[in-house]
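The structure file structure32.cif is reproduced below (mmCIF, C-alpha atoms).
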data_protein
loop_
_atom_site.group_PDB
_atom_site.id
_atom_site.type_symbol
_atom_site.label_atom_id
_atom_site.label_comp_id
_atom_site.auth_asym_id
_atom_site.auth_seq_id
_atom_site.Cartn_x
_atom_site.Cartn_y
_atom_site.Cartn_z
ATOM 1 C CA MET F 1 -40.700 42.093 64.452
ATOM 2 C CA CYS F 2 -41.384 39.131 66.758
ATOM 3 C CA GLN F 3 -39.956 36.759 64.146
ATOM 4 C CA GLN F 4 -36.658 38.613 64.231
ATOM 5 C CA SER F 5 -36.686 38.605 67.992
ATOM 6 C CA ASN F 6 -37.245 34.852 68.003
ATOM 7 C CA THR F 7 -34.082 34.273 65.990
ATOM 8 C CA ARG F 8 -32.144 36.559 68.253
ATOM 9 C CA SER F 9 -33.677 34.982 71.347
ATOM 10 C CA ASN F 10 -32.797 31.486 70.128
ATOM 11 C CA GLN F 11 -29.191 32.530 69.594
ATOM 12 C CA GLN F 12 -29.083 34.025 73.065
ATOM 13 C CA SER F 13 -30.906 31.069 74.591
ATOM 14 C CA SER F 14 -28.389 28.548 73.275
ATOM 15 C CA SER F 15 -25.651 30.072 75.417
ATOM 16 C CA MET F 16 -28.073 30.577 78.301
ATOM 17 C CA GLU F 17 -29.205 26.952 78.169
ATOM 18 C CA LYS F 18 -25.611 25.818 78.511
ATOM 19 C CA LYS F 19 -25.421 27.816 81.715
ATOM 20 C CA VAL F 20 -28.751 26.425 82.886
ATOM 21 C CA PHE F 21 -28.030 22.765 82.308
ATOM 22 C CA SER F 22 -24.331 22.809 83.175
ATOM 23 C CA ALA F 23 -24.536 25.069 86.229
ATOM 24 C CA GLU F 24 -23.297 23.297 89.304
ATOM 25 C CA SER F 25 -23.421 26.004 91.918
ATOM 26 C CA SER F 26 -26.566 27.568 93.330
ATOM 27 C CA LYS F 27 -24.976 30.986 92.899
ATOM 28 C CA GLU F 28 -24.689 30.468 89.157
ATOM 29 C CA LEU F 29 -28.320 29.385 88.941
ATOM 30 C CA GLN F 30 -29.399 32.321 91.030
ATOM 31 C CA ASN F 31 -27.737 34.746 88.641
ATOM 32 C CA LEU F 32 -29.213 33.126 85.536
ATOM 33 C CA PRO F 33 -32.572 34.937 85.419
ATOM 34 C CA GLN F 34 -30.842 38.274 85.932
ATOM 35 C CA ALA F 35 -28.417 37.555 83.095
ATOM 36 C CA GLN F 36 -31.229 36.565 80.812
ATOM 37 C CA ALA F 37 -33.322 39.574 81.759
ATOM 38 C CA SER F 38 -30.479 41.901 80.846
ATOM 39 C CA SER F 39 -30.554 40.524 77.297
ATOM 40 C CA GLY F 40 -34.365 40.605 77.128
ATOM 41 C CA GLY F 41 -36.456 43.388 75.693
ATOM 42 C CA GLY F 42 -38.956 41.008 74.141
ATOM 43 C CA PHE F 43 -41.781 43.527 74.326
ATOM 44 C CA ASP F 44 -39.952 46.173 72.306
ATOM 45 C CA LEU F 45 -39.162 43.619 69.620
ATOM 46 C CA CYS F 46 -42.832 42.642 69.418
ATOM 47 C CA ARG F 47 -44.250 46.142 69.774
ATOM 48 C CA ARG F 48 -45.551 46.281 66.193
ATOM 49 C CA GLU F 49 -47.507 43.062 66.639
ATOM 50 C CA VAL F 50 -49.049 44.441 69.835
ATOM 51 C CA GLU F 51 -50.018 47.691 68.116
ATOM 52 C CA PHE F 52 -51.465 45.852 65.119
ATOM 53 C CA GLY F 53 -53.466 43.539 67.376
ATOM 54 C CA LEU F 54 -54.908 46.450 69.336
ATOM 55 C CA LEU F 55 -55.802 48.216 66.110
ATOM 56 C CA PHE F 56 -57.514 45.107 64.728
ATOM 57 C CA LEU F 57 -59.624 44.465 67.831
ATOM 58 C CA SER F 58 -60.539 48.145 68.109
ATOM 59 C CA LEU F 59 -61.615 48.369 64.474
ATOM 60 C CA LEU F 60 -63.651 45.169 64.736
ATOM 61 C CA TYR F 61 -65.395 46.335 67.893
ATOM 62 C CA SER F 62 -66.034 49.827 66.507
ATOM 63 C CA SER F 63 -67.437 48.446 63.246
ATOM 64 C CA ILE F 64 -69.983 46.233 65.011
ATOM 65 C CA LEU F 65 -70.846 49.071 67.372
ATOM 66 C CA TYR F 66 -71.437 51.406 64.435
ATOM 67 C CA LEU F 67 -73.499 48.895 62.423
ATOM 68 C CA ASN F 68 -75.703 48.216 65.461
ATOM 69 C CA PRO F 69 -77.103 44.859 64.238
ATOM 70 C CA PRO F 70 -80.792 44.203 64.952
ATOM 71 C CA VAL F 71 -80.165 41.808 67.844
ATOM 72 C CA THR F 72 -82.361 42.113 70.929
ATOM 73 C CA PRO F 73 -80.621 41.259 74.203
ATOM 74 C CA ALA F 74 -82.190 39.641 77.250
ATOM 75 C CA PRO F 75 -84.552 41.977 79.147
ATOM 76 C CA GLU F 76 -82.140 42.395 82.077
ATOM 77 C CA PHE F 77 -79.647 44.069 79.749
ATOM 78 C CA CYS F 78 -82.124 46.693 78.552
ATOM 79 C CA HIS F 79 -82.033 50.012 80.374
ATOM 80 C CA ASN F 80 -85.663 50.659 79.499
ATOM 81 C CA ASP F 81 -87.867 47.607 80.055
ATOM 82 C CA GLU F 82 -90.686 49.116 77.989
ATOM 83 C CA ASP F 83 -88.517 49.491 74.886
ATOM 84 C CA ILE F 84 -89.411 46.578 72.589
ATOM 85 C CA ASN F 85 -86.680 47.608 70.179
ATOM 86 C CA CYS F 86 -83.951 47.497 72.788
ATOM 87 C CA ARG F 87 -80.454 47.029 71.437
ATOM 88 C CA ARG F 88 -77.087 46.765 73.157
ATOM 89 C CA PRO F 89 -74.513 47.056 70.366
ATOM 90 C CA ASP F 90 -71.788 47.523 72.978
ATOM 91 C CA LEU F 91 -72.436 44.103 74.515
ATOM 92 C CA LEU F 92 -72.854 42.437 71.127
ATOM 93 C CA ALA F 93 -69.648 43.973 69.772
ATOM 94 C CA TYR F 94 -67.812 42.951 72.935
ATOM 95 C CA LYS F 95 -68.985 39.352 72.732
ATOM 96 C CA ILE F 96 -68.167 38.946 69.038
ATOM 97 C CA THR F 97 -64.741 40.563 69.337
ATOM 98 C CA SER F 98 -63.889 38.633 72.502
ATOM 99 C CA GLY F 99 -65.086 35.383 70.957
ATOM 100 C CA ILE F 100 -62.812 35.843 67.945
ATOM 101 C CA ALA F 101 -59.864 36.704 70.193
ATOM 102 C CA MET F 102 -60.522 33.670 72.411
ATOM 103 C CA MET F 103 -60.770 31.358 69.416
ATOM 104 C CA TYR F 104 -57.470 32.649 68.065
ATOM 105 C CA MET F 105 -55.683 32.186 71.398
ATOM 106 C CA GLY F 106 -57.258 28.799 72.050
ATOM 107 C CA LEU F 107 -56.629 27.318 68.605
ATOM 108 C CA SER F 108 -53.110 28.741 68.532
ATOM 109 C CA GLY F 109 -52.400 27.209 71.924
ATOM 110 C CA ILE F 110 -53.752 23.782 70.930
ATOM 111 C CA ARG F 111 -51.775 23.803 67.683
ATOM 112 C CA ASN F 112 -48.518 24.654 69.444
ATOM 113 C CA TRP F 113 -49.085 22.456 72.500
ATOM 114 C CA TYR F 114 -49.773 19.294 70.508
ATOM 115 C CA PHE F 115 -48.001 19.824 67.182
ATOM 116 C CA ASN F 116 -45.087 22.214 67.743
ATOM 117 C CA LYS F 117 -41.810 20.281 67.860
ATOM 118 C CA ASP F 118 -40.074 22.835 70.061
ATOM 119 C CA VAL F 119 -42.845 22.660 72.654
ATOM 120 C CA GLN F 120 -42.926 18.864 72.586
ATOM 121 C CA GLU F 121 -39.160 18.711 72.983
ATOM 122 C CA LEU F 122 -39.298 21.103 75.893
ATOM 123 C CA SER F 123 -41.989 19.034 77.629
ATOM 124 C CA SER F 124 -39.369 16.382 78.391
ATOM 125 C CA SER F 125 -36.812 18.959 79.469
ATOM 126 C CA SER F 126 -35.949 19.936 83.026
ATOM 127 C CA SER F 127 -37.968 22.442 85.020
ATOM 128 C CA ARG F 128 -35.221 25.025 84.418
ATOM 129 C CA GLY F 129 -35.604 24.654 80.679
ATOM 130 C CA ARG F 130 -39.375 24.989 80.843
ATOM 131 C CA LEU F 131 -39.006 28.169 82.882
ATOM 132 C CA PHE F 132 -36.142 29.940 81.138
ATOM 133 C CA ARG F 133 -35.919 28.717 77.551
ATOM 134 C CA PRO F 134 -37.481 31.147 75.019
ATOM 135 C CA LEU F 135 -39.990 29.789 72.531
ATOM 136 C CA PRO F 136 -40.964 31.574 69.302
ATOM 137 C CA ALA F 137 -44.512 30.211 69.582
ATOM 138 C CA ALA F 138 -44.825 31.570 73.117
ATOM 139 C CA ASN F 139 -43.883 35.056 71.945
ATOM 140 C CA HIS F 140 -46.864 35.149 69.593
ATOM 141 C CA GLN F 141 -49.070 33.615 72.285
ATOM 142 C CA ASN F 142 -48.069 36.230 74.840
ATOM 143 C CA VAL F 143 -48.579 39.008 72.299
ATOM 144 C CA ALA F 144 -52.138 37.772 71.732
ATOM 145 C CA ILE F 145 -52.809 37.580 75.471
ATOM 146 C CA LEU F 146 -51.394 41.037 76.123
ATOM 147 C CA VAL F 147 -53.314 42.590 73.246
ATOM 148 C CA TYR F 148 -56.607 41.109 74.394
ATOM 149 C CA GLN F 149 -56.150 42.078 78.040
ATOM 150 C CA ILE F 150 -55.290 45.699 77.201
ATOM 151 C CA TRP F 151 -58.251 45.952 74.839
ATOM 152 C CA ASP F 152 -60.596 44.255 77.293
ATOM 153 C CA ILE F 153 -59.661 46.611 80.137
ATOM 154 C CA CYS F 154 -60.367 49.679 78.011
ATOM 155 C CA VAL F 155 -63.681 48.394 76.654
ATOM 156 C CA SER F 156 -64.892 46.972 79.981
ATOM 157 C CA LEU F 157 -64.650 50.433 81.524
ATOM 158 C CA THR F 158 -67.347 51.574 79.070
ATOM 159 C CA ILE F 159 -69.768 48.690 79.718
ATOM 160 C CA PRO F 160 -71.671 48.880 83.032
ATOM 161 C CA GLU F 161 -72.027 45.096 83.356
ATOM 162 C CA HIS F 162 -68.257 44.617 83.021
ATOM 163 C CA ARG F 163 -67.147 47.633 84.999
ATOM 164 C CA GLN F 164 -66.498 45.588 88.116
ATOM 165 C CA ALA F 165 -63.348 45.408 90.213
ATOM 166 C CA VAL F 166 -63.007 41.630 89.972
ATOM 167 C CA PHE F 167 -63.041 41.735 86.148
ATOM 168 C CA ILE F 168 -60.652 44.660 85.895
ATOM 169 C CA VAL F 169 -58.168 43.174 88.378
ATOM 170 C CA HIS F 170 -58.274 39.844 86.536
ATOM 171 C CA HIS F 171 -57.420 41.484 83.215
ATOM 172 C CA VAL F 172 -54.700 43.642 84.755
ATOM 173 C CA LEU F 173 -52.965 40.640 86.348
ATOM 174 C CA ALA F 174 -53.284 38.530 83.204
ATOM 175 C CA GLY F 175 -51.895 41.374 81.100
ATOM 176 C CA LEU F 176 -48.948 41.915 83.446
ATOM 177 C CA THR F 177 -48.159 38.204 83.387
ATOM 178 C CA ALA F 178 -48.117 38.186 79.585
ATOM 179 C CA PHE F 179 -46.029 41.365 79.450
ATOM 180 C CA TYR F 180 -43.320 40.124 81.800
ATOM 181 C CA ALA F 181 -43.256 36.685 80.170
ATOM 182 C CA LEU F 182 -42.719 38.419 76.838
ATOM 183 C CA GLU F 183 -40.269 41.028 78.087
ATOM 184 C CA TYR F 184 -37.994 38.669 80.031
ATOM 185 C CA GLN F 185 -38.584 35.509 77.965
ATOM 186 C CA MET F 186 -39.625 33.462 80.970
ATOM 187 C CA VAL F 187 -42.272 30.732 81.522
ATOM 188 C CA ALA F 188 -42.666 30.514 77.743
ATOM 189 C CA TYR F 189 -43.523 26.809 77.878
ATOM 190 C CA TYR F 190 -46.369 27.369 80.339
ATOM 191 C CA SER F 191 -47.663 30.367 78.382
ATOM 192 C CA ILE F 192 -48.645 28.025 75.556
ATOM 193 C CA PHE F 193 -51.009 26.045 77.769
ATOM 194 C CA TYR F 194 -52.325 28.579 80.277
ATOM 195 C CA GLY F 195 -52.530 31.412 77.766
ATOM 196 C CA GLY F 196 -53.654 29.260 74.872
ATOM 197 C CA CYS F 197 -55.258 25.876 75.493
ATOM 198 C CA SER F 198 -57.094 27.026 78.611
ATOM 199 C CA GLU F 199 -58.713 29.866 76.667
ATOM 200 C CA VAL F 200 -60.873 27.347 74.788
ATOM 201 C CA SER F 201 -63.223 27.245 77.777
ATOM 202 C CA SER F 202 -63.431 31.046 77.745
ATOM 203 C CA ILE F 203 -65.000 30.939 74.283
ATOM 204 C CA PHE F 204 -68.173 29.552 75.863
ATOM 205 C CA LEU F 205 -67.967 31.832 78.927
ATOM 206 C CA VAL F 206 -68.052 34.905 76.686
ATOM 207 C CA TRP F 207 -71.556 33.953 75.519
ATOM 208 C CA ALA F 208 -72.790 32.716 78.896
#

Can the structure from this file be put into C-alpha cells for me?
Amino acid sequence: MCQQSNTRSNQQSSSMEKKVFSAESSKELQNLPQAQASSGGGFDLCRREVEFGLLFLSLLYSSILYLNPPVTPAPEFCHNDEDINCRRPDLLAYKITSGIAMMYMGLSGIRNWYFNKDVQELSSSSSRGRLFRPLPAANHQNVAILVYQIWDICVSLTIPEHRQAVFIVHHVLAGLTAFYALEYQMVAYYSIFYGGCSEVSSIFLVWA
C-alpha cells in the first residue's frame, strides 16, 4: 500500500536528508540520488492503488459508453451529417471520465499545496530538499497522474479525434514523469503543483 510505503520512505528519507543537508563534498552530493534510488521501489509499493485507479476509470468509461446517453454532439463530430440522431458515446464518456479525473487531481493538488504541513514546510527548504525529500501526498498525486495518463493513452487510441501524435506523446511523457517520480521518490514537492494545481485548468480544456 502507498500508505505503508510513505512510512517506510519517511524513515529512509530522514537518514537521506541528513546526507543531503550535511554533505560538504560534491562527490557526496553526486552519489545521493543513486543511493536514494537504490532504496526506492515506490511504484511497486503503490501498485495496488494504480491498478484500482485504472479499474475505476475503465469501469466509469465503459458504463457511460454502454448507457449511451441521449446527448447530441456538434455536427463536426458526427460521421454521418444526415443523421439527426447522431451520438458519440465514446467522446461523451471520455469527457466525463477525464473531467472527474482532472477534478480529483486538481482539488487534491490545491489541498496539499495550500494546507498540507509537510508541503508548506518543504517550501522553505533548500532546493535539494525539494528535489529529493519524499512526500506522502506526492505519492498519491503521482499515482493519480500515472493512472490517468495510462488510461488516456489506451482510450485515445480508440477515438479518431484524439488519435494524434502530439496527444499521445504528451501523455507518454507525462506518464513517464509520474512513474519515475514515484519510483525514485524524486521531485515530490513539484509533483504537487505541476501534477495537481495546474490540472485545474485542464478541467475546462476537456470540455473545450

- Message: Please expand the PyMOL selection byres ((chain F and resi 177) around 10) into the concrete residues it hits in this file, giving the result as number ranges by chain.
- Response: F: 142, 145-146, 171-176, 178-183, 187, 191, 195

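With distances restricted to all atoms listed in the file, F:His170 is the closest residue to Ser156 of chain F from F:His170, F:Tyr114, F:Met103, F:Ala138.
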
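Each of F:Phe43, F:Gln185, F:Tyr94, F:Tyr104 was checked against Cys154 of chain F using all atoms listed in the file; the smallest atom-to-atom distance is that of F:Tyr94.
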
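Atom pair atom CA of Ser198 of chain F / atom CA of Leu60 of chain F: separated by 23.8 Å.
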
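Between atom CA of Gly106 of chain F and atom CA of Gln149 of chain F there is a distance of 14.6 Å.
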
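Using only C-alpha atoms, the shortest contact distance between Cys2 of chain F and any of F:Arg133, F:Lys117, F:Lys95, F:His140 is found at F:His140.
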
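Ranking F:Trp151, F:Phe56, F:Phe132, F:Tyr189 by their shortest atom-to-atom distance to Asn116 of chain F, with only C-alpha atoms included, puts F:Tyr189 first.
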
- Message: Evaluated on this file, the PyMOL selection byres ((chain F and resi 61) around 12) picks out some residues - which ones are they, written as a VMD selection string?
- Response: chain F and resid 54 to 60 62 to 68 89 to 101 151 to 152 154 to 155

- Query: Which one is closest to Leu45 of chain F: F:Tyr148, F:Trp207, F:Arg88, F:Val143? Count all atoms listed in the file.
  - Reply: F:Val143

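Atom to atom, atom CA of Ile150 of chain F and atom CA of Arg47 of chain F stand 13.3 Å apart.
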
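Proximity of F:Phe204, F:Met105, F:Glu76, F:Ile192 to Asp118 of chain F, computed with only C-alpha atoms, is greatest for F:Ile192.
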